[in-house]
file input_11.cif (mmCIF, C-alpha atoms and all ligand atoms)
data_run
loop_
_atom_site.label_atom_id
_atom_site.label_comp_id
_atom_site.auth_asym_id
_atom_site.auth_seq_id
_atom_site.Cartn_x
_atom_site.Cartn_y
_atom_site.Cartn_z
CA MET P 499 0.00 0.00 0.00
CA ILE P 500 2.75 2.47 0.93
CA ILE P 501 4.58 1.56 -2.28
CA LEU P 502 1.47 2.20 -4.36
CA VAL P 503 0.92 5.59 -2.71
CA PHE P 504 4.57 6.45 -3.33
CA LEU P 505 4.30 5.49 -7.00
CA ILE P 506 1.09 7.49 -7.47
CA LEU P 507 2.52 10.55 -5.71
CA HIS P 508 5.76 10.40 -7.71
CA TRP P 509 3.79 9.91 -10.96
CA TYR P 510 1.51 12.91 -10.46
CA LEU P 511 3.90 15.34 -8.77
CA SER P 512 6.62 14.87 -11.38
CA LEU P 513 4.02 15.02 -14.18
CA PHE P 514 2.65 18.25 -12.73
CA CYS P 515 6.12 19.82 -12.94
CA GLN P 516 6.68 18.62 -16.49
CA SER P 517 3.29 19.90 -17.66
CA PHE P 518 3.13 23.15 -15.67
CA PHE P 519 6.75 24.30 -15.66
CA HIS P 520 8.49 22.60 -18.59
CA HIS P 521 5.69 22.35 -21.12
CA ARG P 522 3.24 25.18 -20.48
CA TYR P 523 5.75 27.70 -19.11
CA ALA P 524 9.23 27.02 -20.51
CA ALA P 525 8.24 25.75 -23.96
CA HIS P 526 5.06 27.72 -24.64
CA ARG P 527 5.24 30.72 -22.28
CA MET P 528 1.49 30.49 -21.70
CA PHE P 529 1.96 32.71 -18.62
CA ASP P 530 4.70 34.78 -16.99
CA MET P 531 6.47 34.49 -13.64
CA SER P 532 9.29 36.31 -11.87
CA LYS P 533 12.88 35.06 -11.90
CA THR P 534 12.48 34.19 -8.21
CA TRP P 535 9.45 31.97 -8.86
CA GLU P 536 11.31 30.41 -11.80
CA LYS P 537 14.04 29.37 -9.38
CA VAL P 538 11.44 27.99 -6.95
CA PHE P 539 9.98 25.82 -9.73
CA PHE P 540 13.46 24.71 -10.84
CA ILE P 541 14.05 23.43 -7.31
CA VAL P 542 10.56 21.94 -6.90
CA SER P 543 10.93 20.16 -10.28
CA TYR P 544 14.29 18.78 -9.22
CA LEU P 545 12.93 17.45 -5.92
CA LEU P 546 9.84 15.89 -7.51
CA GLN P 547 11.38 14.57 -10.76
CA GLY P 548 14.49 13.31 -8.99
CA SER P 549 16.51 10.92 -11.14
CA SER P 550 14.60 11.91 -14.28
CA TYR P 551 14.95 15.66 -13.76
CA LEU P 552 14.46 17.42 -17.09
CA SER P 553 16.27 20.59 -18.05
CA PRO P 554 13.58 23.18 -18.96
CA TYR P 555 16.07 24.58 -21.51
CA ALA P 556 16.59 21.30 -23.38
CA TYR P 557 12.96 20.24 -22.96
CA ALA P 558 11.61 23.53 -24.31
CA ILE P 559 13.81 23.51 -27.42
CA LEU P 560 13.05 19.85 -28.14
CA HIS P 561 9.34 20.52 -27.72
CA ARG P 562 9.33 23.66 -29.87
CA MET P 563 11.02 21.59 -32.59
CA HIS P 564 8.20 19.04 -32.26
CA HIS P 565 5.51 21.71 -32.76
CA ALA P 566 7.35 23.32 -35.68
CA HIS P 567 8.08 20.05 -37.50
CA THR P 568 5.31 17.72 -36.32
CA ASP P 569 5.31 14.39 -38.15
CA THR P 570 8.04 15.35 -40.59
CA GLU P 571 11.56 13.96 -40.75
CA HIS P 572 12.73 16.94 -38.64
CA ASP P 573 10.34 16.08 -35.79
CA PRO P 574 12.47 14.90 -32.83
CA HIS P 575 9.82 12.24 -32.09
CA SER P 576 7.14 10.99 -34.45
CA PRO P 577 5.60 7.52 -34.68
CA THR P 578 5.26 8.19 -38.40
CA TYR P 579 9.05 8.04 -38.72
CA GLN P 580 10.17 5.92 -35.75
CA LYS P 581 8.93 2.40 -36.13
CA ASN P 582 8.58 1.47 -32.47
CA ILE P 583 8.47 3.00 -29.00
CA PHE P 584 12.07 2.07 -28.28
CA ALA P 585 13.38 3.80 -31.42
CA LEU P 586 11.29 6.87 -30.62
CA MET P 587 12.61 7.01 -27.05
CA MET P 588 16.22 6.56 -28.16
CA ARG P 589 15.99 9.32 -30.78
CA THR P 590 14.29 11.67 -28.31
CA ILE P 591 16.95 11.05 -25.63
CA ARG P 592 19.75 11.51 -28.18
CA ILE P 593 18.42 14.86 -29.43
CA TYR P 594 17.55 16.03 -25.90
CA SER P 595 21.09 15.22 -24.71
CA SER P 596 22.77 16.99 -27.60
CA ILE P 597 20.64 20.10 -26.94
CA TYR P 598 21.45 19.92 -23.22
CA ARG P 599 25.19 19.62 -23.92
CA ARG P 600 24.93 22.60 -26.34
CA GLN P 601 26.14 20.37 -29.18
CA ALA P 602 23.01 20.59 -31.32
CA ASP P 603 22.64 23.17 -34.05
CA VAL P 604 19.52 24.94 -32.75
CA GLU P 605 17.64 27.59 -34.73
CA SER P 606 17.56 30.88 -32.81
CA ARG P 607 13.73 31.04 -32.98
CA PHE P 608 13.59 27.96 -30.71
CA MET P 609 15.77 29.55 -28.01
CA LYS P 610 13.81 32.68 -27.12
CA GLY P 611 12.57 33.30 -23.57
CA ILE P 612 13.51 29.95 -22.06
CA PRO P 613 14.26 29.89 -18.31
CA ARG P 614 17.84 28.86 -17.59
CA TRP P 615 19.78 28.13 -14.44
CA ASP P 616 22.97 26.53 -15.70
CA SER P 617 24.87 26.43 -12.40
CA PHE P 618 21.95 24.65 -10.69
CA GLU P 619 21.64 22.13 -13.51
CA LYS P 620 25.32 21.24 -13.31
CA ILE P 621 24.32 19.45 -10.10
CA ALA P 622 20.64 18.64 -10.71
CA HIS P 623 21.31 17.09 -14.13
CA SER P 624 24.50 15.27 -13.17
CA ARG P 625 25.02 11.51 -13.17
CA GLY P 626 25.88 11.68 -9.46
CA SER P 627 22.55 13.30 -8.66
CA LYS P 628 20.65 10.70 -10.71
CA ALA P 629 22.49 7.91 -8.89
CA VAL P 630 21.65 9.38 -5.46
CA TRP P 631 17.94 9.65 -6.35
CA MET P 632 17.89 6.07 -7.64
CA ALA P 633 19.49 4.93 -4.37
CA ILE P 634 16.79 6.81 -2.44
CA TYR P 635 14.03 5.04 -4.42
CA VAL P 636 15.66 1.64 -3.87
CA ALA P 637 16.06 2.37 -0.15
CA PHE P 638 12.38 3.31 0.07
CA TYR P 639 11.39 0.04 -1.61
CA LEU P 640 13.71 -1.96 0.66
CA ALA P 641 11.99 -0.37 3.64
CA PHE P 642 8.37 -0.69 2.50
CA ALA P 643 7.99 -3.27 -0.32
CA THR P 644 5.99 -6.27 0.84
CA HIS P 645 6.20 -8.45 -2.33
CA TRP P 646 9.10 -9.18 -4.69
CA TRP P 647 7.16 -8.05 -7.75
CA MET P 648 6.96 -4.52 -6.38
CA TYR P 649 10.62 -4.08 -7.28
CA LEU P 650 9.60 -4.37 -10.93
CA LEU P 651 8.06 -0.89 -10.51
CA LEU P 652 11.43 0.72 -9.74
CA PRO P 653 12.34 1.45 -13.41
CA ILE P 654 9.20 3.62 -13.61
CA HIS P 655 10.62 5.79 -10.80
CA PHE P 656 14.07 5.88 -12.41
CA MET P 657 12.72 7.04 -15.80
CA MET P 658 9.52 8.83 -14.78
CA GLY P 659 10.00 11.84 -17.09
CA ALA P 660 10.75 9.65 -20.10
CA VAL P 661 7.72 7.43 -19.35
CA HIS P 662 5.44 10.48 -19.32
CA GLY P 663 7.07 11.78 -22.49
CA VAL P 664 6.63 8.57 -24.44
CA ILE P 665 2.95 8.22 -23.48
CA ILE P 666 2.23 11.52 -25.22
CA ASN P 667 4.86 11.40 -27.97
CA TRP P 668 3.98 7.88 -29.08
CA PHE P 669 0.43 7.04 -27.98
CA ALA P 670 -1.12 10.52 -28.39
CA HIS P 671 0.11 10.54 -31.98
CA LYS P 672 -1.37 7.09 -32.66
CA TYR P 673 -4.48 6.38 -30.62
CA GLY P 674 -7.51 8.40 -29.57
CA TYR P 675 -10.01 10.79 -31.08
CA ARG P 676 -9.66 14.12 -32.86
CA ASN P 677 -11.59 17.34 -32.35
CA TYR P 678 -9.62 19.00 -35.14
CA GLU P 679 -8.50 17.64 -38.48
CA LEU P 680 -4.91 18.88 -38.58
CA ALA P 681 -2.07 18.06 -40.93
CA ASP P 682 -0.37 16.10 -38.10
CA THR P 683 -1.36 12.83 -36.39
CA SER P 684 -2.11 14.31 -32.93
CA LYS P 685 -4.98 12.72 -30.99
CA ASN P 686 -6.79 13.21 -27.70
CA LEU P 687 -5.92 10.04 -25.79
CA PHE P 688 -8.97 9.86 -23.52
CA PRO P 689 -12.18 11.91 -23.18
CA ILE P 690 -11.47 12.09 -19.43
CA ASP P 691 -7.79 12.47 -18.75
CA ILE P 692 -6.81 11.85 -15.16
CA LEU P 693 -3.79 9.68 -16.02
CA MET P 694 -1.88 12.47 -17.80
CA LEU P 695 -3.35 15.56 -16.04
CA GLY P 696 -4.78 16.99 -19.26
CA GLU P 697 -1.65 16.42 -21.39
CA GLY P 698 -3.62 13.66 -23.10
CA PHE P 699 -5.75 16.28 -24.92
CA HIS P 700 -2.93 16.43 -27.41
CA ASN P 701 -4.97 17.13 -30.55
CA ASN P 702 -6.54 20.14 -28.78
CA HIS P 703 -3.05 21.26 -27.76
CA HIS P 704 -1.65 21.02 -31.29
CA LYS P 705 -4.55 23.15 -32.51
CA HIS P 706 -4.37 25.77 -29.71
CA SER P 707 -0.72 25.58 -28.70
CA SER P 708 -0.72 28.80 -26.67
CA SER P 709 -3.88 28.06 -24.67
CA PRO P 710 -3.20 27.14 -21.02
CA ASN P 711 -6.44 25.11 -20.96
CA PHE P 712 -6.02 21.83 -22.87
CA GLY P 713 -9.70 20.92 -22.56
CA VAL P 714 -12.05 22.15 -25.30
CA LYS P 715 -15.28 20.13 -25.09
CA TRP P 716 -17.41 20.41 -21.95
CA PHE P 717 -16.34 16.95 -20.75
CA GLU P 718 -12.62 17.52 -21.34
CA PHE P 719 -11.44 18.61 -17.91
CA ASP P 720 -7.80 19.70 -17.73
CA PRO P 721 -6.81 19.32 -14.04
CA ILE P 722 -3.83 21.67 -14.30
CA TYR P 723 -5.81 24.60 -15.67
CA PRO P 724 -7.57 25.41 -12.34
CA VAL P 725 -4.14 25.29 -10.66
CA ILE P 726 -2.83 27.81 -13.19
CA ARG P 727 -5.79 30.09 -12.46
CA LEU P 728 -5.21 29.69 -8.71
CA PHE P 729 -1.50 30.51 -9.07
CA ASN P 730 -2.54 33.56 -11.11
CA LYS P 731 -4.92 34.70 -8.34
CA LEU P 732 -2.19 34.19 -5.73
CA GLY P 733 0.26 36.29 -7.78
CA ILE P 734 2.68 33.40 -8.34
CA ILE P 735 2.22 33.68 -12.11
CA GLN P 736 0.64 36.20 -14.45
CA MET P 737 -1.69 34.79 -17.10
CA LYS P 738 -1.50 36.59 -20.42
CA LYS P 739 -5.22 36.92 -20.86
CA VAL P 740 -7.54 35.93 -18.03
CA PRO P 741 -10.83 34.51 -19.32
CA ALA P 742 -14.02 35.75 -17.66
ZN ZN E 1 2.58 16.23 -30.51
ZN ZN E 2 3.29 21.75 -26.59
#
call {"tool": "encode", "arguments": {"input": "input_11.cif", "output": "structure tokens"}}
result
Amino acid sequence: MIILVFLILHWYLSLFCQSFFHHRYAAHRMFDMSKTWEKVFFIVSYLLQGSSYLSPYAYAILHRMHHAHTDTEHDPHSPTYQKNIFALMMRTIRIYSSIYRRQADVESRFMKGIPRWDSFEKIAHSRGSKAVWMAIYVAFYLAFATHWWMYLLLPIHFMMGAVHGVIINWFAHKYGYRNYELADTSKNLFPIDILMLGEGFHNNHHKHSSSPNFGVKWFEFDPIYPVIRLFNKLGIIQMKKVPA
């Protein structure tokens, strides 16, 4: 039971950071925040994503490339070009790493307005940090796992960010329904998206890529959108245009 709660908490808290901070803020700038709050969310993301901490800089560039080149040969991840999940994951990791190491040739339009904290990421993104987080997860399982099979869940903790990424990048470009007929293969994974906190409304997102609310139909509830509105009310962020 404790293990299950731990897995669910890790799943949703790290997904919240990836969706709120990396995707909606760093990549799409759907709202503004001060440099101080940026630093707070860098630290919060690091603590909650742990061994799979994503650099908002590398994530944002990779993701902007995806929107600009969706389902073409220049798309960093497209099931139209990569034949299986493994190939898609490997290509995504390779391009992400080359962007992170500043080795990729990145168009200047993809680099504008991305939050950066390079000195922090030297530690947060290091192999040593990843190893420490993995040791913490293993120690937690050693303390609380009650069946051997529970240890099979550990790789999910180790690669949480990549697991979330592949669910959208692979499945939400293959399976689901469409509200909009676009030139790309984007789909809405589920009509009610609790699993991915609204990220599953991927066809809606490809159509309205600057909207902070991923739900469009009345039944499409995006759980992160009310949080964004709450943060806006509390002065943590500033929404660009507050709907009535
Ligand atoms: Zn997409
Ligand atoms: Zn996006």
call {"tool": "atom_distance", "arguments": {"input": "input_11.cif", "atom1": "atom CA of Arg522 of chain P", "atom2": "atom CA of Arg562 of chain P"}}
result
11.3 Å
call {"tool": "closest_atom_pairs", "arguments": {"input": "input_11.cif", "of": "chain P", "to": "ligand ZN 2 (chain E)", "cutoff": "12 Å", "atoms": "all atoms listed in the file", "output": "tab-separated table"}}
result
residue	atom	partner	partner_atom	distance
P:Gln516	CA	E:ZN2	ZN	11.1
P:Ser517	CA	E:ZN2	ZN	9.1
P:Phe518	CA	E:ZN2	ZN	11.0
P:Phe519	CA	E:ZN2	ZN	11.7
P:His520	CA	E:ZN2	ZN	9.6
P:His521	CA	E:ZN2	ZN	6.0
P:Arg522	CA	E:ZN2	ZN	7.0
P:Tyr523	CA	E:ZN2	ZN	9.9
P:Ala524	CA	E:ZN2	ZN	10.0
P:Ala525	CA	E:ZN2	ZN	6.9
P:His526	CA	E:ZN2	ZN	6.5
P:Arg527	CA	E:ZN2	ZN	10.1
P:Met528	CA	E:ZN2	ZN	10.2
P:Tyr557	CA	E:ZN2	ZN	10.4
P:Ala558	CA	E:ZN2	ZN	8.8
P:Ile559	CA	E:ZN2	ZN	10.7
P:Leu560	CA	E:ZN2	ZN	10.1
P:His561	CA	E:ZN2	ZN	6.3
P:Arg562	CA	E:ZN2	ZN	7.1
P:Met563	CA	E:ZN2	ZN	9.8
P:His564	CA	E:ZN2	ZN	8.0
P:His565	CA	E:ZN2	ZN	6.6
P:Ala566	CA	E:ZN2	ZN	10.1
P:Thr568	CA	E:ZN2	ZN	10.7
P:Gly663	CA	E:ZN2	ZN	11.4
P:Ile666	CA	E:ZN2	ZN	10.4
P:Asn667	CA	E:ZN2	ZN	10.6
P:Ser684	CA	E:ZN2	ZN	11.2
P:Gly696	CA	E:ZN2	ZN	11.9
P:Glu697	CA	E:ZN2	ZN	8.9
P:Gly698	CA	E:ZN2	ZN	11.2
P:Phe699	CA	E:ZN2	ZN	10.7
P:His700	CA	E:ZN2	ZN	8.2
P:Asn701	CA	E:ZN2	ZN	10.3
P:Asn702	CA	E:ZN2	ZN	10.2
P:His703	CA	E:ZN2	ZN	6.5
P:His704	CA	E:ZN2	ZN	6.9
P:Lys705	CA	E:ZN2	ZN	9.9
P:His706	CA	E:ZN2	ZN	9.2
P:Ser707	CA	E:ZN2	ZN	5.9
P:Ser708	CA	E:ZN2	ZN	8.1
P:Ser709	CA	E:ZN2	ZN	9.7
P:Pro710	CA	E:ZN2	ZN	10.1
P:Asn711	CA	E:ZN2	ZN	11.7
P:Phe712	CA	E:ZN2	ZN	10.0
call {"tool": "atom_distance", "arguments": {"input": "input_11.cif", "atom1": "atom CA of Ile722 of chain P", "atom2": "atom CA of Pro577 of chain P"}}
result
26.5 Å
call {"tool": "closest_residue", "arguments": {"input": "input_11.cif", "among": "P:Trp615, P:Tyr544, P:Phe504, P:Phe688", "to": "His655 of chain P", "atoms": "all atoms listed in the file"}}
result
P:Phe504
call {"tool": "atom_distance", "arguments": {"input": "input_11.cif", "atom1": "atom CA of Met531 of chain P", "atom2": "atom CA of Lys610 of chain P"}}
result
15.5 Å
call {"tool": "closest_residue", "arguments": {"input": "input_11.cif", "among": "P:Glu605, P:Asp530, P:Asp682, P:Asp720", "to": "ligand ZN 1 (chain E)", "atoms": "only C-alpha atoms and all ligand atoms"}}
result
P:Asp682
call {"tool": "residues_around", "arguments": {"input": "input_11.cif", "residues": "Ile734 of chain P", "least_positions_apart": "5", "cutoff": "12 Å", "atoms": "only C-alpha atoms", "output": "PDB file with C-alpha atoms, in the frame of the given file"}}
result
ATOM      1  CA  PHE P 529       1.960  32.710 -18.620  1.00  0.00           C
ATOM      2  CA  ASP P 530       4.700  34.780 -16.990  1.00  0.00           C
ATOM      3  CA  MET P 531       6.470  34.490 -13.640  1.00  0.00           C
ATOM      4  CA  SER P 532       9.290  36.310 -11.870  1.00  0.00           C
ATOM      5  CA  LYS P 533      12.880  35.060 -11.900  1.00  0.00           C
ATOM      6  CA  THR P 534      12.480  34.190  -8.210  1.00  0.00           C
ATOM      7  CA  TRP P 535       9.450  31.970  -8.860  1.00  0.00           C
ATOM      8  CA  GLU P 536      11.310  30.410 -11.800  1.00  0.00           C
ATOM      9  CA  VAL P 538      11.440  27.990  -6.950  1.00  0.00           C
ATOM     10  CA  PHE P 539       9.980  25.820  -9.730  1.00  0.00           C
ATOM     11  CA  VAL P 725      -4.140  25.290 -10.660  1.00  0.00           C
ATOM     12  CA  ILE P 726      -2.830  27.810 -13.190  1.00  0.00           C
ATOM     13  CA  ARG P 727      -5.790  30.090 -12.460  1.00  0.00           C
ATOM     14  CA  LEU P 728      -5.210  29.690  -8.710  1.00  0.00           C
ATOM     15  CA  PHE P 729      -1.500  30.510  -9.070  1.00  0.00           C
TER      16      PHE P 729
END
call {"tool": "residues_around", "arguments": {"input": "input_11.cif", "residues": "Pro689 of chain P", "least_positions_apart": "5", "cutoff": "10 Å", "atoms": "only C-alpha atoms", "output": "number ranges by chain"}}
result
P: 674-675, 696, 698-699, 713, 715, 717-719
call {"tool": "closest_residue", "arguments": {"input": "input_11.cif", "among": "P:Met658, P:Ile621, P:Ile665, P:Ile735", "to": "Ile506 of chain P", "atoms": "all atoms listed in the file"}}
result
P:Met658
call {"tool": "closest_residue", "arguments": {"input": "input_11.cif", "among": "P:Arg676, P:Lys537, P:Lys628, P:His671", "to": "ligand ZN 1 (chain E)", "atoms": "all atoms listed in the file"}}
result
P:His671
call {"tool": "axis_aligned_box", "arguments": {"input": "input_11.cif", "around": "segment 528-535 of chain P", "padding_each_side": "8 Å", "output": "AutoDock Vina command-line options"}}
result
--center_x 7.2 --center_y 33.4 --center_z -15.0 --size_x 27.4 --size_y 21.8 --size_z 29.5
call {"tool": "closest_residue", "arguments": {"input": "input_11.cif", "among": "P:Tyr723, P:Phe669, P:Phe608, P:Phe638", "to": "ligand ZN 1 (chain E)", "atoms": "only C-alpha atoms and all ligand atoms"}}
result
P:Phe669
call {"tool": "closest_residue", "arguments": {"input": "input_11.cif", "among": "P:Leu652, P:Pro574, P:Ser627, P:Glu679", "to": "ligand ZN 1 (chain E)", "atoms": "all atoms listed in the file"}}
result
P:Pro574
call {"tool": "residues_around", "arguments": {"input": "input_11.cif", "residues": "Ser553 of chain P", "least_positions_apart": "3", "cutoff": "9 Å", "atoms": "all atoms listed in the file", "output": "PyMOL selection string"}}
result
chain P and resi 520+540+556-558+598+614+619+622-623
call {"tool": "residues_around", "arguments": {"input": "input_11.cif", "residues": "Ser550 of chain P", "least_positions_apart": "3", "cutoff": "6 Å", "atoms": "only C-alpha atoms", "output": "PyMOL selection string"}}
result
chain P and resi 547+657-659
call {"tool": "residues_around", "arguments": {"input": "input_11.cif", "residues": "Phe642 of chain P", "least_positions_apart": "4", "cutoff": "9 Å", "atoms": "only C-alpha atoms", "output": "MDAnalysis selection string"}}
result
chainID P and resid 499:501 637:638
call {"tool": "build_atoms", "arguments": {"input": "input_11.cif", "residues": "segment 565-576 of chain P", "atoms": "N, CA and C atoms", "output": "short mmCIF file (atom, residue, chain, number, x, y, z; two decimals), in the frame of the given file"}}
result
data_model
loop_
_atom_site.label_atom_id
_atom_site.label_comp_id
_atom_site.auth_asym_id
_atom_site.auth_seq_id
_atom_site.Cartn_x
_atom_site.Cartn_y
_atom_site.Cartn_z
N HIS P 565 6.66 20.94 -32.25
CA HIS P 565 5.51 21.71 -32.76
C HIS P 565 5.80 22.27 -34.16
N ALA P 566 7.02 22.71 -34.39
CA ALA P 566 7.35 23.32 -35.68
C ALA P 566 7.44 22.29 -36.80
N HIS P 567 7.83 21.06 -36.46
CA HIS P 567 8.08 20.05 -37.50
C HIS P 567 7.26 18.78 -37.28
N THR P 568 6.08 18.91 -36.70
CA THR P 568 5.31 17.72 -36.32
C THR P 568 5.13 16.73 -37.48
N ASP P 569 5.49 15.49 -37.19
CA ASP P 569 5.31 14.39 -38.15
C ASP P 569 6.02 14.60 -39.49
N THR P 570 7.15 15.30 -39.43
CA THR P 570 8.04 15.35 -40.59
C THR P 570 9.36 14.70 -40.18
N GLU P 571 10.28 14.60 -41.10
CA GLU P 571 11.56 13.96 -40.75
C GLU P 571 12.37 14.80 -39.76
N HIS P 572 12.02 16.09 -39.60
CA HIS P 572 12.73 16.94 -38.64
C HIS P 572 12.09 16.93 -37.25
N ASP P 573 10.98 16.23 -37.10
CA ASP P 573 10.34 16.08 -35.79
C ASP P 573 11.25 15.23 -34.91
N PRO P 574 11.60 15.72 -33.69
CA PRO P 574 12.47 14.90 -32.83
C PRO P 574 11.82 13.59 -32.40
N HIS P 575 10.50 13.51 -32.43
CA HIS P 575 9.82 12.24 -32.09
C HIS P 575 8.49 12.15 -32.82
N SER P 576 8.41 11.19 -33.72
CA SER P 576 7.14 10.99 -34.45
C SER P 576 6.97 9.52 -34.77
#
